[in-house]
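Peer 1: Here it is: the structure, laid out below.
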Amino acid sequence: MKIIAIGAVTGGKVMLFKYCAECGHELEDIKCGDDDCKICPSCKRIYGRNPIPVVEVLVVNEFNEILLLKQNYISEDKWTVVSGYMVEGETIEEAVVREVKEETGQIVTKCQYVSSYYFEPKQLIMIGFIAYVNKAEFTDSIEVDDHKWYKIDEVDDVIARVNNCSGMHFDKCREYLK
């Protein structure tokens, strides 16, 4: 029995499925243990209400500087940590490495799990890591408007905390930083 998520993220909102993505039949409500799910009466595919997994990564270089991103579609005046959706077939650690490279050009030498956060507005489970890199030139990304290395004591003034998990993740990461 394969269980898939009931919803898909579209424009930052979670869309709940009413019809089976496999065969098109209307879904029916069922209980799967203690969980409310939906099932296709035709092909028997089960749809669970699962959050979407996203990695949230605080990038630190060998000088103990913190890399933050300016992403105007998220905040026009605050900076964020690296984050991104996981893709099918990759581990969480592979997603960390891929997202850091895609958004910054930095190569992860080591990563460490820190904490997870539930981001209710978009029904995301944010899987928080610290990624260690050797400082290199930034590469361009269509998702990123600017990159900047900050000293640890400069981060509080610039990091996004409203409608975003970056600030909370930075706070959790402090105990791991030298």
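Residues are named by chain letter and number: chains run A, B, ... in the order of the structure tokens, numbers start at 1 in each chain, and ligands are numbered from 1 in the order shown.
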Just list as a list in words whatever in chain A DSSP marks as alpha helix (DSSP H).

Peer 2: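 Assigned to alpha helix (DSSP H), within chain A: Ile92, Glu93, Glu94, Ala95, Val96, Val97, Arg98, Glu99, Val100, Lys101, Glu102, Glu103, Thr104, Ile152, Asp153, Glu154, Val155, Asp156, Asp157, Val158, Ser166, Gly167, Met168, His169, Phe170, Asp171, Lys172 and Cys173 of chain A.
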
Peer 1: Output N, CA and C atoms of each residue in that selection to a file, as a short mmCIF file (atom, residue, chain, number, x, y, z; two decimals), in the first residue's frame.

Peer 2:
data_model
loop_
_atom_site.label_atom_id
_atom_site.label_comp_id
_atom_site.auth_asym_id
_atom_site.auth_seq_id
_atom_site.Cartn_x
_atom_site.Cartn_y
_atom_site.Cartn_z
N ILE A 92 18.34 13.58 2.88
CA ILE A 92 18.30 14.93 3.43
C ILE A 92 19.67 15.60 3.27
N GLU A 93 20.73 14.85 3.55
CA GLU A 93 22.08 15.40 3.43
C GLU A 93 22.40 15.78 1.98
N GLU A 94 21.97 14.99 1.03
CA GLU A 94 22.17 15.33 -0.38
C GLU A 94 21.42 16.60 -0.74
N ALA A 95 20.23 16.79 -0.17
CA ALA A 95 19.47 18.02 -0.42
C ALA A 95 20.21 19.23 0.15
N VAL A 96 20.82 19.09 1.32
CA VAL A 96 21.60 20.17 1.91
C VAL A 96 22.73 20.58 0.96
N VAL A 97 23.51 19.60 0.52
CA VAL A 97 24.65 19.85 -0.37
C VAL A 97 24.17 20.49 -1.68
N ARG A 98 23.11 19.95 -2.27
CA ARG A 98 22.59 20.47 -3.54
C ARG A 98 22.09 21.90 -3.42
N GLU A 99 21.30 22.18 -2.39
CA GLU A 99 20.74 23.52 -2.23
C GLU A 99 21.83 24.56 -1.98
N VAL A 100 22.81 24.23 -1.14
CA VAL A 100 23.90 25.18 -0.87
C VAL A 100 24.65 25.47 -2.17
N LYS A 101 24.95 24.44 -2.94
CA LYS A 101 25.68 24.65 -4.20
C LYS A 101 24.83 25.43 -5.21
N GLU A 102 23.56 25.06 -5.36
CA GLU A 102 22.68 25.74 -6.33
C GLU A 102 22.50 27.22 -6.02
N GLU A 103 22.30 27.55 -4.75
CA GLU A 103 21.96 28.92 -4.38
C GLU A 103 23.18 29.80 -4.14
N THR A 104 24.36 29.18 -3.88
CA THR A 104 25.52 29.99 -3.50
C THR A 104 26.81 29.66 -4.25
N ILE A 152 29.04 36.53 13.24
CA ILE A 152 27.93 36.01 14.03
C ILE A 152 27.17 37.12 14.75
N ASP A 153 27.88 38.09 15.31
CA ASP A 153 27.20 39.15 16.08
C ASP A 153 26.47 40.17 15.19
N GLU A 154 26.59 40.06 13.87
CA GLU A 154 25.87 40.96 12.95
C GLU A 154 24.55 40.36 12.46
N VAL A 155 24.37 39.07 12.65
CA VAL A 155 23.24 38.36 12.05
C VAL A 155 21.89 38.79 12.62
N ASP A 156 21.79 38.95 13.93
CA ASP A 156 20.50 39.29 14.55
C ASP A 156 19.82 40.51 13.92
N ASP A 157 20.60 41.49 13.52
CA ASP A 157 20.02 42.72 12.96
C ASP A 157 19.45 42.55 11.56
N VAL A 158 19.87 41.51 10.84
CA VAL A 158 19.49 41.42 9.43
C VAL A 158 18.67 40.18 9.07
N SER A 166 14.16 31.33 9.28
CA SER A 166 15.60 31.60 9.29
C SER A 166 16.11 32.05 10.66
N GLY A 167 15.43 33.00 11.28
CA GLY A 167 15.87 33.51 12.58
C GLY A 167 15.82 32.45 13.66
N MET A 168 14.76 31.67 13.68
CA MET A 168 14.63 30.60 14.66
C MET A 168 15.75 29.56 14.46
N HIS A 169 16.05 29.26 13.20
CA HIS A 169 17.11 28.28 12.92
C HIS A 169 18.47 28.84 13.35
N PHE A 170 18.74 30.09 13.06
CA PHE A 170 19.99 30.71 13.50
C PHE A 170 20.12 30.62 15.02
N ASP A 171 19.03 30.92 15.74
CA ASP A 171 19.06 30.86 17.20
C ASP A 171 19.42 29.46 17.69
N LYS A 172 18.84 28.42 17.09
CA LYS A 172 19.13 27.04 17.47
C LYS A 172 20.57 26.66 17.15
N CYS A 173 21.12 27.21 16.06
CA CYS A 173 22.48 26.87 15.62
C CYS A 173 23.56 27.51 16.49
#

Peer 1: Among chain A, which residues does DSSP mark as strand (DSSP E or B) when it is run on the backbone? Keep the chain and numbering as in the structure and answer as a short mmCIF file (atom, residue, chain, number, x, y, z; two decimals) with C-alpha atoms, in the first residue's frame.

Peer 2:
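What follows is the written file part_10.cif:
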data_model
loop_
_atom_site.label_atom_id
_atom_site.label_comp_id
_atom_site.auth_asym_id
_atom_site.auth_seq_id
_atom_site.Cartn_x
_atom_site.Cartn_y
_atom_site.Cartn_z
CA ILE A 3 0.60 6.51 0.83
CA ILE A 4 1.21 9.87 -0.82
CA ALA A 5 0.55 13.41 0.33
CA GLY A 7 -1.75 18.19 -1.10
CA ALA A 8 0.66 19.93 -3.39
CA VAL A 9 2.27 23.32 -2.89
CA THR A 10 1.10 25.85 -5.46
CA LYS A 13 -0.52 27.54 -0.62
CA VAL A 14 -1.29 23.87 -0.01
CA MET A 15 -3.86 22.50 -2.44
CA LEU A 16 -5.73 19.45 -1.19
CA TYR A 19 -9.40 13.53 -7.27
CA GLU A 26 -13.02 11.27 -6.73
CA GLU A 28 -13.18 9.31 -0.30
CA ASP A 29 -12.37 10.00 3.37
CA ILE A 30 -10.95 7.10 5.42
CA LYS A 31 -9.02 6.50 8.65
CA CYS A 32 -5.48 5.07 8.43
CA ASP A 35 -4.80 9.58 10.76
CA ASP A 36 -7.43 11.12 8.51
CA CYS A 37 -6.64 10.20 4.92
CA LYS A 38 -8.30 9.92 1.56
CA ILE A 39 -8.48 6.88 -0.70
CA ILE A 46 -4.09 6.34 -0.23
CA TYR A 47 -3.44 10.07 0.21
CA GLY A 48 -2.13 11.22 3.62
CA ILE A 52 6.33 18.91 2.50
CA PRO A 53 10.02 18.34 3.47
CA VAL A 54 12.35 21.33 3.08
CA VAL A 55 15.98 21.71 4.15
CA GLU A 56 16.93 24.85 6.10
CA VAL A 57 20.70 25.41 6.14
CA LEU A 58 22.91 27.78 8.06
CA VAL A 59 26.16 27.95 6.04
CA VAL A 60 29.36 28.62 8.02
CA ILE A 66 27.59 33.09 8.40
CA LEU A 67 26.33 33.15 4.80
CA LEU A 68 22.95 34.82 4.34
CA LEU A 69 20.91 35.29 1.18
CA LYS A 70 18.87 38.23 -0.04
CA TRP A 79 18.20 38.14 4.81
CA THR A 80 17.57 34.39 4.96
CA VAL A 82 19.70 28.66 2.42
CA SER A 83 16.56 26.56 2.05
CA GLY A 84 14.87 24.41 -0.54
CA TYR A 85 12.51 21.56 -1.28
CA VAL A 108 29.73 21.64 1.59
CA THR A 109 32.56 19.80 3.36
CA LYS A 110 30.47 18.63 6.33
CA CYS A 111 26.91 19.03 7.53
CA GLN A 112 25.22 18.49 10.86
CA TYR A 113 21.56 18.12 11.78
CA VAL A 114 20.39 20.75 14.29
CA SER A 115 16.58 20.76 14.62
CA SER A 116 13.31 20.67 12.73
CA TYR A 117 10.55 23.27 12.56
CA TYR A 118 6.96 23.09 11.37
CA PHE A 119 6.11 26.06 9.14
CA LEU A 124 6.31 22.53 5.51
CA ILE A 125 8.57 20.50 7.75
CA MET A 126 11.82 22.47 7.82
CA ILE A 127 14.78 20.15 8.47
CA GLY A 128 17.52 22.34 9.96
CA PHE A 129 21.24 21.80 9.35
CA ILE A 130 24.53 23.61 9.69
CA ALA A 131 26.71 23.19 6.59
CA TYR A 132 30.42 23.89 6.74
CA VAL A 133 32.22 25.23 3.66
CA ASP A 146 22.47 38.77 -3.25
CA HIS A 147 24.82 36.80 -0.96
CA LYS A 148 26.80 38.10 1.98
CA TRP A 149 29.08 36.74 4.70
CA TYR A 150 28.27 38.08 8.18
CA ILE A 159 17.99 37.92 9.57
#

Peer 1: Work out how far CA of Asn50 (chain A) is from CA of Glu120 (chain A), in Å to one decimal.

Peer 2: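 We find that CA of Glu120 (chain A) and CA of Asn50 (chain A) lie 11.8 Å from each other.
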
Peer 1: Pick from A:Ile107, A:Val87, A:Ala160, A:Cys20: nearest to Gln71 (chain A), with only C-alpha atoms counted?

Peer 2: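 Distance minimum relative to Gln71 (chain A) lands on A:Ala160.
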
Peer 1: Here is a test: counting only C-alpha atoms, which residue of A:Asn61, A:Cys165, A:Glu88, A:Lys18 is nearest to Cys40 (chain A)?

Peer 2: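 Among the listed residues, A:Lys18 lies closest to Cys40 (chain A).
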
Peer 1: Given only C-alpha atoms as the basis, pick out the residue of A:Val144, A:Leu177, A:Val162, A:Ala136 nearest to Tyr73 (chain A).

Peer 2: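 Smallest distance to Tyr73 (chain A) is found for A:Val144.
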
Peer 1: Using Å and a single decimal, report how far CA of His25 (chain A) sits from CA of Pro41 (chain A).

Peer 2: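 CA of His25 (chain A) lies 7.4 Å from CA of Pro41 (chain A).
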
Peer 1: Could you jot down the CA of Ser141 (chain A) to CA of Asn164 (chain A) separation for me, Å, one decimal place?

Peer 2: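 Those two atoms sit 20.3 Å apart.
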